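Colleague: Following this line is input-v2.pdb, made up of PDB, C-alpha atoms, pLDDT in the B column:
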MODEL        1
ATOM      1  CA  MET A   1     147.411 105.278 145.617  1.00 83.00           C
ATOM      2  CA  THR A   2     146.829 104.248 149.211  1.00 85.00           C
ATOM      3  CA  VAL A   3     143.185 105.366 149.126  1.00 85.00           C
ATOM      4  CA  ALA A   4     142.490 103.859 145.686  1.00 82.00           C
ATOM      5  CA  ASN A   5     143.928 100.487 146.804  1.00 83.00           C
ATOM      6  CA  SER A   6     142.349 100.436 150.263  1.00 85.00           C
ATOM      7  CA  ASP A   7     139.800  97.791 151.256  1.00 86.00           C
ATOM      8  CA  GLU A   8     137.044 100.407 151.270  1.00 86.00           C
ATOM      9  CA  PHE A   9     137.752 101.870 147.822  1.00 84.00           C
ATOM     10  CA  GLY A  10     139.818  99.204 146.054  1.00 81.00           C
ATOM     11  CA  SER A  11     136.918  97.859 143.987  1.00 81.00           C
ATOM     12  CA  LEU A  12     135.483 101.282 143.081  1.00 84.00           C
ATOM     13  CA  PRO A  13     136.270 103.523 140.111  1.00 85.00           C
ATOM     14  CA  PRO A  14     137.390 107.114 140.746  1.00 86.00           C
ATOM     15  CA  ASN A  15     133.967 108.502 139.793  1.00 88.00           C
ATOM     16  CA  GLN A  16     132.624 106.740 142.921  1.00 88.00           C
ATOM     17  CA  ILE A  17     135.641 107.257 145.192  1.00 89.00           C
ATOM     18  CA  VAL A  18     135.665 111.081 144.970  1.00 90.00           C
ATOM     19  CA  PRO A  19     131.948 111.540 145.887  1.00 89.00           C
ATOM     20  CA  ARG A  20     132.253 109.100 148.804  1.00 89.00           C
ATOM     21  CA  LEU A  21     135.251 110.992 150.117  1.00 90.00           C
ATOM     22  CA  ALA A  22     133.319 114.250 149.691  1.00 89.00           C
ATOM     23  CA  ASP A  23     130.486 112.806 151.801  1.00 89.00           C
ATOM     24  CA  HIS A  24     133.078 112.561 154.646  1.00 88.00           C
ATOM     25  CA  TRP A  25     134.332 116.113 153.917  1.00 92.00           C
ATOM     26  CA  GLU A  26     137.618 114.795 152.494  1.00 89.00           C
ATOM     27  CA  HIS A  27     139.232 115.902 149.250  1.00 89.00           C
ATOM     28  CA  ILE A  28     142.386 114.126 148.104  1.00 88.00           C
ATOM     29  CA  ALA A  29     142.204 114.661 144.338  1.00 88.00           C
ATOM     30  CA  SER A  30     139.747 115.222 141.519  1.00 89.00           C
ATOM     31  CA  GLU A  31     138.336 112.343 139.482  1.00 89.00           C
ATOM     32  CA  SER A  32     140.578 113.184 136.548  1.00 91.00           C
ATOM     33  CA  THR A  33     143.656 113.154 138.801  1.00 90.00           C
ATOM     34  CA  PHE A  34     142.636 109.779 140.235  1.00 85.00           C
ATOM     35  CA  TYR A  35     142.209 108.408 136.709  1.00 88.00           C
ATOM     36  CA  ARG A  36     145.545 109.882 135.557  1.00 90.00           C
ATOM     37  CA  ILE A  37     147.477 108.382 138.488  1.00 87.00           C
ATOM     38  CA  LEU A  38     145.786 104.975 138.196  1.00 86.00           C
ATOM     39  CA  ARG A  39     146.466 104.965 134.439  1.00 85.00           C
ATOM     40  CA  THR A  40     150.178 105.747 134.907  1.00 87.00           C
ATOM     41  CA  GLU A  41     150.438 102.970 137.510  1.00 84.00           C
ATOM     42  CA  ASN A  42     148.545 100.607 135.138  1.00 82.00           C
ATOM     43  CA  LEU A  43     145.814 100.018 137.724  1.00 78.00           C
ATOM     44  CA  LEU A  44     142.774 100.822 135.592  1.00 75.00           C
ATOM     45  CA  ARG A  45     140.954  97.602 134.811  1.00 66.00           C
ATOM     46  CA  HIS A  46     137.493  96.667 133.599  1.00 58.00           C
ATOM     47  CA  PRO A  47     135.227  95.054 136.205  1.00 53.00           C
ATOM     48  CA  GLY A  48     134.253  92.460 133.585  1.00 53.00           C
ATOM     49  CA  ALA A  49     137.857  91.305 133.289  1.00 54.00           C
ATOM     50  CA  GLU A  50     137.642  89.866 136.808  1.00 60.00           C
ATOM     51  CA  ARG A  51     134.544  87.854 136.020  1.00 63.00           C
ATOM     52  CA  PRO A  52     135.249  84.215 135.114  1.00 69.00           C
ATOM     53  CA  ALA A  53     134.494  83.127 131.565  1.00 73.00           C
ATOM     54  CA  GLN A  54     131.012  81.713 131.152  1.00 80.00           C
ATOM     55  CA  ARG A  55     130.333  78.544 129.255  1.00 84.00           C
ATOM     56  CA  ARG A  56     128.267  79.193 126.145  1.00 83.00           C
ATOM     57  CA  HIS A  57     126.013  76.521 124.735  1.00 82.00           C
ATOM     58  CA  LYS A  58     125.627  76.040 121.024  1.00 83.00           C
ATOM     59  CA  PRO A  59     122.061  76.838 119.920  1.00 76.00           C
ATOM     60  CA  ARG A  60     119.871  73.928 118.967  1.00 78.00           C
ATOM     61  CA  ALA A  61     120.099  73.257 115.233  1.00 84.00           C
ATOM     62  CA  LEU A  62     116.822  73.253 113.340  1.00 87.00           C
ATOM     63  CA  CYS A  63     116.239  71.225 110.206  1.00 89.00           C
ATOM     64  CA  ALA A  64     113.232  71.552 107.925  1.00 90.00           C
ATOM     65  CA  THR A  65     112.267  68.030 106.797  1.00 91.00           C
ATOM     66  CA  ALA A  66     108.853  68.778 105.288  1.00 93.00           C
ATOM     67  CA  PRO A  67     106.614  71.735 104.449  1.00 93.00           C
ATOM     68  CA  ASN A  68     104.781  73.489 107.309  1.00 93.00           C
ATOM     69  CA  ARG A  69     107.188  72.203 109.958  1.00 93.00           C
ATOM     70  CA  LEU A  70     109.600  75.132 110.357  1.00 93.00           C
ATOM     71  CA  PHE A  71     108.727  78.781 109.779  1.00 93.00           C
ATOM     72  CA  SER A  72     110.954  81.815 110.053  1.00 92.00           C
ATOM     73  CA  TRP A  73     109.607  85.317 110.490  1.00 92.00           C
ATOM     74  CA  ASP A  74     110.802  88.879 110.783  1.00 92.00           C
ATOM     75  CA  ILE A  75     109.613  92.472 110.770  1.00 92.00           C
ATOM     76  CA  THR A  76     111.061  94.883 108.197  1.00 92.00           C
ATOM     77  CA  TYR A  77     110.806  98.669 108.281  1.00 92.00           C
ATOM     78  CA  LEU A  78     109.307 100.260 105.165  1.00 94.00           C
ATOM     79  CA  PRO A  79     109.984 104.014 104.886  1.00 93.00           C
ATOM     80  CA  THR A  80     107.206 106.432 104.031  1.00 92.00           C
ATOM     81  CA  PRO A  81     107.459 109.852 102.368  1.00 93.00           C
ATOM     82  CA  VAL A  82     107.360 111.377 105.881  1.00 93.00           C
ATOM     83  CA  LYS A  83     110.766 111.310 107.567  1.00 90.00           C
ATOM     84  CA  GLY A  84     110.776 109.152 110.712  1.00 88.00           C
ATOM     85  CA  ILE A  85     107.463 107.422 109.925  1.00 92.00           C
ATOM     86  CA  TYR A  86     107.537 103.767 108.876  1.00 94.00           C
ATOM     87  CA  PHE A  87     105.257 100.921 107.944  1.00 95.00           C
ATOM     88  CA  TYR A  88     106.147  97.452 109.195  1.00 94.00           C
ATOM     89  CA  LEU A  89     106.186  94.371 106.981  1.00 95.00           C
ATOM     90  CA  TYR A  90     105.533  91.147 108.905  1.00 95.00           C
ATOM     91  CA  LEU A  91     106.782  88.244 106.790  1.00 95.00           C
ATOM     92  CA  PHE A  92     106.529  84.510 107.536  1.00 95.00           C
ATOM     93  CA  MET A  93     108.355  81.952 105.377  1.00 96.00           C
ATOM     94  CA  ASP A  94     108.341  78.155 105.258  1.00 95.00           C
ATOM     95  CA  ILE A  95     112.012  77.163 105.455  1.00 94.00           C
ATOM     96  CA  PHE A  96     111.560  73.831 103.647  1.00 95.00           C
ATOM     97  CA  SER A  97     109.830  75.156 100.512  1.00 94.00           C
ATOM     98  CA  ARG A  98     111.001  78.808 100.789  1.00 94.00           C
ATOM     99  CA  LYS A  99     107.358  79.740 100.288  1.00 95.00           C
ATOM    100  CA  VAL A 100     106.117  82.978 101.819  1.00 96.00           C
ATOM    101  CA  VAL A 101     103.203  81.595 103.810  1.00 95.00           C
ATOM    102  CA  GLY A 102     102.003  84.941 105.101  1.00 95.00           C
ATOM    103  CA  TRP A 103     102.682  88.640 105.207  1.00 95.00           C
ATOM    104  CA  GLN A 104     100.983  91.804 106.290  1.00 96.00           C
ATOM    105  CA  ILE A 105     101.845  95.501 106.457  1.00 95.00           C
ATOM    106  CA  TYR A 106     100.884  97.470 109.560  1.00 95.00           C
ATOM    107  CA  ASP A 107     101.567 100.949 110.861  1.00 93.00           C
ATOM    108  CA  ALA A 108     102.789  99.604 114.208  1.00 91.00           C
ATOM    109  CA  GLU A 109     105.191  96.993 115.509  1.00 89.00           C
ATOM    110  CA  SER A 110     103.656  94.654 118.078  1.00 86.00           C
ATOM    111  CA  SER A 111     103.533  91.022 119.067  1.00 84.00           C
ATOM    112  CA  GLU A 112      99.724  91.037 118.929  1.00 88.00           C
ATOM    113  CA  LEU A 113      99.735  91.944 115.225  1.00 90.00           C
ATOM    114  CA  ALA A 114     102.246  89.166 114.520  1.00 89.00           C
ATOM    115  CA  SER A 115      99.979  86.748 116.397  1.00 88.00           C
ATOM    116  CA  ASP A 116      97.067  87.737 114.166  1.00 91.00           C
ATOM    117  CA  VAL A 117      99.111  87.019 111.030  1.00 93.00           C
ATOM    118  CA  MET A 118     100.235  83.647 112.413  1.00 92.00           C
ATOM    119  CA  ARG A 119      96.665  82.655 113.336  1.00 92.00           C
ATOM    120  CA  ASP A 120      95.568  83.444 109.758  1.00 94.00           C
ATOM    121  CA  ILE A 121      98.446  81.352 108.385  1.00 94.00           C
ATOM    122  CA  CYS A 122      97.559  78.407 110.605  1.00 92.00           C
ATOM    123  CA  ALA A 123      93.926  78.530 109.513  1.00 92.00           C
ATOM    124  CA  ARG A 124      94.780  78.896 105.803  1.00 92.00           C
ATOM    125  CA  GLU A 125      97.504  76.199 105.805  1.00 91.00           C
ATOM    126  CA  ALA A 126      95.531  73.834 108.109  1.00 91.00           C
ATOM    127  CA  ILE A 127      98.363  73.718 110.649  1.00 90.00           C
ATOM    128  CA  LYS A 128      97.622  71.717 113.790  1.00 89.00           C
ATOM    129  CA  PRO A 129      98.924  72.544 117.293  1.00 85.00           C
ATOM    130  CA  ASP A 130     102.587  71.483 117.769  1.00 86.00           C
ATOM    131  CA  GLN A 131     103.028  70.980 114.012  1.00 91.00           C
ATOM    132  CA  VAL A 132     105.233  73.980 113.275  1.00 91.00           C
ATOM    133  CA  VAL A 133     108.329  75.431 114.922  1.00 89.00           C
ATOM    134  CA  LEU A 134     108.423  79.209 114.662  1.00 87.00           C
ATOM    135  CA  HIS A 135     111.943  80.646 114.438  1.00 86.00           C
ATOM    136  CA  SER A 136     112.939  84.293 114.681  1.00 83.00           C
ATOM    137  CA  ASP A 137     115.822  86.511 115.615  1.00 78.00           C
ATOM    138  CA  ASN A 138     115.941  87.844 119.138  1.00 69.00           C
ATOM    139  CA  GLY A 139     114.179  91.167 118.542  1.00 68.00           C
ATOM    140  CA  ASN A 140     111.831  92.554 121.166  1.00 63.00           C
ATOM    141  CA  PRO A 141     108.536  91.921 119.338  1.00 61.00           C
ATOM    142  CA  MET A 142     109.703  88.395 118.549  1.00 59.00           C
ATOM    143  CA  ARG A 143     110.307  87.539 122.203  1.00 60.00           C
ATOM    144  CA  ARG A 144     106.986  89.015 123.300  1.00 54.00           C
ATOM    145  CA  HIS A 145     105.210  87.414 120.360  1.00 47.00           C
ATOM    146  CA  ASP A 146     106.516  83.926 121.040  1.00 49.00           C
ATOM    147  CA  ALA A 147     105.427  84.042 124.673  1.00 41.00           C
ATOM    148  CA  GLY A 148     101.967  85.507 124.054  1.00 43.00           C
ATOM    149  CA  TYR A 149     101.130  83.620 120.872  1.00 45.00           C
ATOM    150  CA  LEU A 150     102.343  80.265 122.101  1.00 42.00           C
ATOM    151  CA  ALA A 151     100.507  80.564 125.374  1.00 37.00           C
ATOM    152  CA  SER A 152      97.259  81.212 123.507  1.00 41.00           C
ATOM    153  CA  THR A 153      97.642  78.518 120.814  1.00 42.00           C
ATOM    154  CA  GLY A 154      99.902  75.818 122.255  1.00 40.00           C
ATOM    155  CA  ARG A 155     102.336  75.945 119.302  1.00 43.00           C
ATOM    156  CA  ARG A 156     106.081  75.559 119.772  1.00 45.00           C
ATOM    157  CA  ALA A 157     108.687  78.205 119.015  1.00 45.00           C
ATOM    158  CA  VAL A 158     112.421  78.625 119.003  1.00 37.00           C
ATOM    159  CA  VAL A 159     113.861  82.069 119.463  1.00 29.00           C
TER     160      VAL A 159
ENDMDL
END
What do you get writing this file as C-alpha coordinates?

Modeller:
Amino acid sequence: MTVANSDEFGSLPPNQIVPRLADHWEHIASESTFYRILRTENLLRHPGAERPAQRRHKPRALCATAPNRLFSWDITYLPTPVKGIYFYLYLFMDIFSRKVVGWQIYDAESSELASDVMRDICAREAIKPDQVVLHSDNGNPMRRHDAGYLASTGRRAVV
(Lines of atoms letter the chains of each structure in order from A and count residues from 1; the text may use other names and numbers.)
(Lines give C-alpha, C1' and ligand atoms only; values in the text may rest on other atoms or scores of the structure.)
Protein backbone atom coordinates (compact mmCIF):
# COMPACT_ATOMS: atom_id res chain seq x y z
CA MET A 1 0.00 0.00 0.00
CA THR A 2 2.86 2.35 0.77
CA VAL A 3 4.40 1.89 -2.69
CA ALA A 4 1.06 2.13 -4.53
CA ASN A 5 0.22 5.40 -2.71
CA SER A 6 3.67 6.96 -2.94
CA ASP A 7 4.28 10.17 -4.90
CA GLU A 8 6.22 8.23 -7.53
CA PHE A 9 3.61 5.51 -8.14
CA GLY A 10 0.37 6.97 -6.78
CA SER A 11 -1.02 7.93 -10.19
CA LEU A 12 0.03 4.69 -11.94
CA PRO A 13 -1.88 1.43 -12.33
CA PRO A 14 -0.26 -1.82 -11.14
CA ASN A 15 0.57 -2.87 -14.71
CA GLN A 16 2.98 0.10 -14.80
CA ILE A 17 4.18 -0.04 -11.19
CA VAL A 18 5.51 -3.63 -11.34
CA PRO A 19 7.66 -3.10 -14.49
CA ARG A 20 9.10 0.15 -13.10
CA LEU A 21 10.03 -1.60 -9.88
CA ALA A 22 11.58 -4.42 -11.92
CA ASP A 23 13.72 -1.86 -13.77
CA HIS A 24 15.24 -1.03 -10.33
CA TRP A 25 15.63 -4.76 -9.51
CA GLU A 26 12.83 -4.61 -6.92
CA HIS A 27 9.97 -7.07 -6.60
CA ILE A 28 7.27 -6.38 -4.02
CA ALA A 29 4.31 -8.21 -5.55
CA SER A 30 2.89 -9.35 -8.87
CA GLU A 31 0.44 -7.22 -10.84
CA SER A 32 -2.46 -9.43 -9.82
CA THR A 33 -1.52 -9.09 -6.14
CA PHE A 34 -1.31 -5.30 -6.49
CA TYR A 35 -4.75 -5.26 -8.12
CA ARG A 36 -6.21 -7.58 -5.46
CA ILE A 37 -4.91 -5.46 -2.57
CA LEU A 38 -5.98 -2.16 -4.16
CA ARG A 39 -9.43 -3.64 -4.87
CA THR A 40 -9.90 -4.79 -1.26
CA GLU A 41 -8.86 -1.34 -0.02
CA ASN A 42 -11.23 0.27 -2.57
CA LEU A 43 -8.38 2.20 -4.18
CA LEU A 44 -8.92 1.19 -7.80
CA ARG A 45 -10.30 4.15 -9.70
CA HIS A 46 -10.61 5.13 -13.34
CA PRO A 47 -8.29 7.94 -14.49
CA GLY A 48 -11.27 9.52 -16.27
CA ALA A 49 -13.13 9.88 -12.98
CA GLU A 50 -10.61 12.51 -11.89
CA ARG A 51 -11.10 14.58 -15.01
CA PRO A 52 -13.56 17.47 -14.59
CA ALA A 53 -16.81 17.29 -16.54
CA GLN A 54 -16.62 19.01 -19.90
CA ARG A 55 -19.29 21.33 -21.13
CA ARG A 56 -21.05 19.94 -24.19
CA HIS A 57 -22.61 22.25 -26.73
CA LYS A 58 -25.87 21.40 -28.41
CA PRO A 59 -25.36 20.85 -32.15
CA ARG A 60 -26.65 23.53 -34.47
CA ALA A 61 -30.20 22.74 -35.57
CA LEU A 62 -30.78 22.59 -39.31
CA CYS A 63 -34.10 23.40 -40.92
CA ALA A 64 -34.97 22.77 -44.56
CA THR A 65 -37.04 25.74 -45.77
CA ALA A 66 -36.95 25.07 -49.52
CA PRO A 67 -35.77 22.42 -51.98
CA ASN A 68 -32.03 22.15 -52.71
CA ARG A 69 -31.03 23.90 -49.49
CA LEU A 70 -30.29 20.97 -47.16
CA PHE A 71 -29.05 17.56 -48.28
CA SER A 72 -28.32 14.51 -46.17
CA TRP A 73 -26.11 11.68 -47.36
CA ASP A 74 -24.82 8.33 -46.23
CA ILE A 75 -23.02 5.23 -47.43
CA THR A 76 -24.73 1.84 -47.06
CA TYR A 77 -23.06 -1.56 -47.36
CA LEU A 78 -24.63 -3.91 -49.92
CA PRO A 79 -23.58 -7.56 -49.48
CA THR A 80 -22.47 -9.63 -52.44
CA PRO A 81 -22.61 -13.41 -52.88
CA VAL A 82 -18.95 -13.51 -51.75
CA LYS A 83 -18.61 -13.40 -47.97
CA GLY A 84 -16.78 -10.27 -46.78
CA ILE A 85 -17.09 -8.43 -50.11
CA TYR A 86 -19.47 -5.48 -50.33
CA PHE A 87 -20.68 -2.83 -52.72
CA TYR A 88 -21.28 0.66 -51.36
CA LEU A 89 -24.42 2.67 -52.03
CA TYR A 90 -23.85 6.43 -51.88
CA LEU A 91 -27.22 8.11 -51.40
CA PHE A 92 -27.99 11.85 -51.27
CA MET A 93 -31.45 13.11 -50.28
CA ASP A 94 -33.07 16.54 -50.24
CA ILE A 95 -34.46 16.92 -46.72
CA PHE A 96 -37.20 19.39 -47.70
CA SER A 97 -38.82 17.32 -50.47
CA ARG A 98 -37.49 13.88 -49.37
CA LYS A 99 -36.39 13.44 -52.97
CA VAL A 100 -33.39 11.23 -53.66
CA VAL A 101 -31.30 13.71 -55.64
CA GLY A 102 -28.47 11.31 -56.38
CA TRP A 103 -27.12 7.85 -55.80
CA GLN A 104 -24.38 5.62 -57.08
CA ILE A 105 -23.04 2.15 -56.30
CA TYR A 106 -19.28 1.64 -56.14
CA ASP A 107 -16.99 -1.19 -55.12
CA ALA A 108 -15.04 1.06 -52.75
CA GLU A 109 -15.73 3.54 -49.98
CA SER A 110 -13.96 6.87 -50.43
CA SER A 111 -14.52 10.58 -50.11
CA GLU A 112 -13.42 11.14 -53.71
CA LEU A 113 -16.25 8.96 -55.05
CA ALA A 114 -18.76 10.83 -52.89
CA SER A 115 -17.39 14.11 -54.27
CA ASP A 116 -17.99 12.86 -57.81
CA VAL A 117 -21.62 12.04 -57.01
CA MET A 118 -22.14 15.45 -55.38
CA ARG A 119 -20.60 17.28 -58.36
CA ASP A 120 -23.01 15.44 -60.68
CA ILE A 121 -25.95 16.38 -58.44
CA CYS A 122 -24.93 20.03 -58.40
CA ALA A 123 -24.66 20.12 -62.18
CA ARG A 124 -27.98 18.29 -62.72
CA GLU A 125 -29.92 20.32 -60.11
CA ALA A 126 -28.26 23.65 -61.07
CA ILE A 127 -27.02 24.22 -57.51
CA LYS A 128 -24.88 27.32 -57.03
CA PRO A 129 -21.96 27.62 -54.58
CA ASP A 130 -23.14 28.17 -50.97
CA GLN A 131 -26.71 27.19 -51.89
CA VAL A 132 -26.85 23.81 -50.17
CA VAL A 133 -25.84 22.57 -46.73
CA LEU A 134 -24.59 19.00 -46.82
CA HIS A 135 -25.33 17.02 -43.65
CA SER A 136 -23.98 13.60 -42.73
CA ASP A 137 -23.21 11.44 -39.76
CA ASN A 138 -19.69 11.48 -38.42
CA GLY A 139 -18.31 8.51 -40.36
CA ASN A 140 -14.75 8.58 -41.65
CA PRO A 141 -15.53 9.03 -45.36
CA MET A 142 -17.99 11.79 -44.47
CA ARG A 143 -15.38 13.80 -42.57
CA ARG A 144 -12.79 13.40 -45.32
CA HIS A 145 -15.39 14.08 -47.99
CA ASP A 146 -16.61 17.31 -46.44
CA ALA A 147 -13.10 18.71 -46.16
CA GLY A 148 -11.94 17.71 -49.65
CA TYR A 149 -15.16 18.42 -51.52
CA LEU A 150 -15.83 21.74 -49.86
CA ALA A 151 -12.31 22.96 -50.41
CA SER A 152 -12.63 22.22 -54.13
CA THR A 153 -16.14 23.64 -54.67
CA GLY A 154 -16.70 26.27 -51.98
CA ARG A 155 -19.96 24.68 -50.76
CA ARG A 156 -20.91 24.59 -47.09
CA ALA A 157 -21.33 21.46 -44.99
CA VAL A 158 -22.36 20.46 -41.52
CA VAL A 159 -21.05 17.23 -40.10

Colleague: Using only C-alpha atoms, which residues sit within 12 Å of region 79-95 of chain A once same-chain residues fewer than 2 positions away are excluded, as an NGL selection string?

Modeller: :A and (62-77 or 97-122 or 125 or 132-136 or 141-142)

Colleague: Can you list, as a list in words, the residues that the PyMOL selection byres ((chain A and resi 4-11) around 10) selects here?

Modeller: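 When the PyMOL selection byres ((chain A and resi 4-11) around 10) is applied, the selected residues are Met1, Thr2, Val3, Leu12, Pro13, Pro14, Gln16, Ile17, Val18, Arg20, Leu21, Phe34, Ile37, Leu38, Leu43 and Pro47 of chain A.
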
Colleague: One number please: CA of Arg60 (chain A) to CA of Pro129 (chain A), in Å, one decimal.

Modeller: 21.1 Å

Colleague: Output as AutoDock Vina command-line options the centre and edge lengths (Å, one decimal) of the box along x, y and z of the file that holds every listed atom of region 27-40 of chain A after adding 3 Å on each side.

Modeller:
--center_x 144.3 --center_y 110.4 --center_z 141.8 --size_x 17.8 --size_y 16.9 --size_z 20.8

Colleague: If you measure from CA of Phe96 (chain A) to CA of Ala123 (chain A), what distance in Å do you get, rounded to one decimal?

Modeller: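 Computing it gives 19.2 Å between the two atoms.
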
Colleague: Quote the spacing between CA of Arg39 (chain A) and CA of Pro19 (chain A) in Å to one decimal place.

Modeller: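 Those two atoms sit 19.6 Å apart.
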